[in-house]
Amino acid sequence: MSEISGGTPSSSAPSSSSARRLVRRLPVVGGIAAGSVLLLAGPAFAHVTVQPGTAPKGGFATINIKVPNERDNASTVKVEVSLPTDHPLASVMPQSVPGWKVDVTKSKLAKPIEMEGEKINEAPSKITWTADGKGIEPGQFQQFPLSVGQLPSDADQLAFKALQTYDDKEVVRWIEPAKPGGQEPTNPAPVLKLTAADTQGADQGPADGKNGAKGDTTAAQASTSDTTARVLAVGGIVVGIVGVAFGVLAGRRRNA
């Protein structure tokens, strides 16, 4: 009996020691996995973008210029968005954003355009938002809503080139065009892709408050879905790692 009781601790000690080491490593492994996913997901949040990224051709749409702060020690205090010149938009109306002043610059068109039976000789060419408070602080983002139209029927996308100015005078130029099939530029211009006309999904006019609300809801749903997908991805990887670790631990116990 003394031999049996004496031998038991010696055979189980390595297994217990290995188990303790494995348990101690679980938070580290999980943290590394979660951090890797967040690093991969980070660039998607870093660019100035148009939300939602698509709208039907030929109608009106409510979009958001989404501006994240990429700096740890400076705030964004000015955002300038140049509107498309190859396909001018006759109607561009910004929504009021608390803490920001907005200015709409109009320019004379080289070639008049027609909308709702009227010839238009000038159109908005630039929207400028200037912070009258703290602006977009580190770790935050801001959305700037716009009602735009009439969207062209003979184009597949519109580029909204943007300049982002920080309170330390740094200016980031989001103006680089993306090449089909090529790598994404360092500072890509925000793009609105145009899809086939959809009479049910398109806004009917710039003054339709219901349509504007619908566009805002669509943008919010798209943003929420994107965030939810990233959170679920991180959670799934961490849970998978924990499951594998406990499987290894159980196998070692059986072998012991």
# chains A, B, ... in the order shown; residues from 1 in each chain; ligands from 1

$ select_by_dssp --residues "stretch 63-205 of chain A" --states "strand (DSSP E or B)" --output "ChimeraX atom specification"
/A:63-68,76-82,91-94,100-115,118-131,136,141-149,157-159,161-166,171-174,176,188,191-195,203

$ residues_around --residues "A:Thr186" --least-positions-apart "6" --cutoff "12 Å" --atoms "only C-alpha atoms" --output "PDB file with N, CA and C atoms, in the first residue's frame"
ATOM      1  N   PRO A  43      -7.524  48.851 -40.080  1.00  0.00           N
ATOM      2  CA  PRO A  43      -7.465  49.687 -41.271  1.00  0.00           C
ATOM      3  C   PRO A  43      -8.828  50.004 -41.865  1.00  0.00           C
ATOM      4  N   ALA A  46      -9.921  53.157 -40.423  1.00  0.00           N
ATOM      5  CA  ALA A  46      -8.985  54.272 -40.467  1.00  0.00           C
ATOM      6  C   ALA A  46      -9.242  55.231 -41.609  1.00  0.00           C
ATOM      7  N   HIS A  47      -9.911  54.794 -42.667  1.00  0.00           N
ATOM      8  CA  HIS A  47     -10.087  55.636 -43.840  1.00  0.00           C
ATOM      9  C   HIS A  47     -11.348  56.498 -43.735  1.00  0.00           C
ATOM     10  N   VAL A  48     -11.314  57.648 -44.411  1.00  0.00           N
ATOM     11  CA  VAL A  48     -12.530  58.433 -44.611  1.00  0.00           C
ATOM     12  C   VAL A  48     -13.343  57.713 -45.689  1.00  0.00           C
ATOM     13  N   VAL A 172      -4.304  65.462 -43.976  1.00  0.00           N
ATOM     14  CA  VAL A 172      -4.286  64.168 -44.657  1.00  0.00           C
ATOM     15  C   VAL A 172      -5.200  64.271 -45.873  1.00  0.00           C
ATOM     16  N   ARG A 173      -4.651  63.936 -47.030  1.00  0.00           N
ATOM     17  CA  ARG A 173      -5.377  64.106 -48.294  1.00  0.00           C
ATOM     18  C   ARG A 173      -5.926  62.751 -48.757  1.00  0.00           C
ATOM     19  N   TRP A 174      -7.216  62.577 -48.613  1.00  0.00           N
ATOM     20  CA  TRP A 174      -7.878  61.347 -49.055  1.00  0.00           C
ATOM     21  C   TRP A 174      -8.355  61.546 -50.491  1.00  0.00           C
ATOM     22  N   ILE A 175      -7.414  61.449 -51.429  1.00  0.00           N
ATOM     23  CA  ILE A 175      -7.721  61.821 -52.813  1.00  0.00           C
ATOM     24  C   ILE A 175      -7.245  60.784 -53.843  1.00  0.00           C
ATOM     25  N   GLU A 176      -6.596  59.726 -53.395  1.00  0.00           N
ATOM     26  CA  GLU A 176      -6.002  58.786 -54.344  1.00  0.00           C
ATOM     27  C   GLU A 176      -7.064  57.855 -54.938  1.00  0.00           C
ATOM     28  N   PRO A 177      -7.103  57.746 -56.268  1.00  0.00           N
ATOM     29  CA  PRO A 177      -8.083  56.841 -56.891  1.00  0.00           C
ATOM     30  C   PRO A 177      -7.661  55.384 -56.753  1.00  0.00           C
ATOM     31  N   ALA A 178      -8.634  54.522 -56.598  1.00  0.00           N
ATOM     32  CA  ALA A 178      -8.359  53.082 -56.526  1.00  0.00           C
ATOM     33  C   ALA A 178      -8.360  52.503 -57.935  1.00  0.00           C
TER      34      ALA A 178
END

$ residues_around --residues "A:Val148" --least-positions-apart "6" --cutoff "9 Å" --atoms "only C-alpha atoms" --output "PyMOL selection string"
chain A and resi 59-63+89-94+206

$ atom_distance --atom1 "atom CA of A:Asp168" --atom2 "atom CA of A:Lys101"
19.4 Å

$ closest_residue --among "A:Gly133, A:Pro124, A:Pro190, A:Gly149" --to "A:Asn64" --atoms "only C-alpha atoms"
A:Pro190

$ closest_residue --among "A:Glu116, A:Glu80, A:Glu70, A:Glu184" --to "A:Thr130" --atoms "only C-alpha atoms"
A:Glu80

$ atom_distance --atom1 "atom CA of A:Pro152" --atom2 "atom CA of A:Gln164"
26.8 Å

$ atom_distance --atom1 "atom CA of A:Val77" --atom2 "atom CA of A:Pro185"
24.0 Å
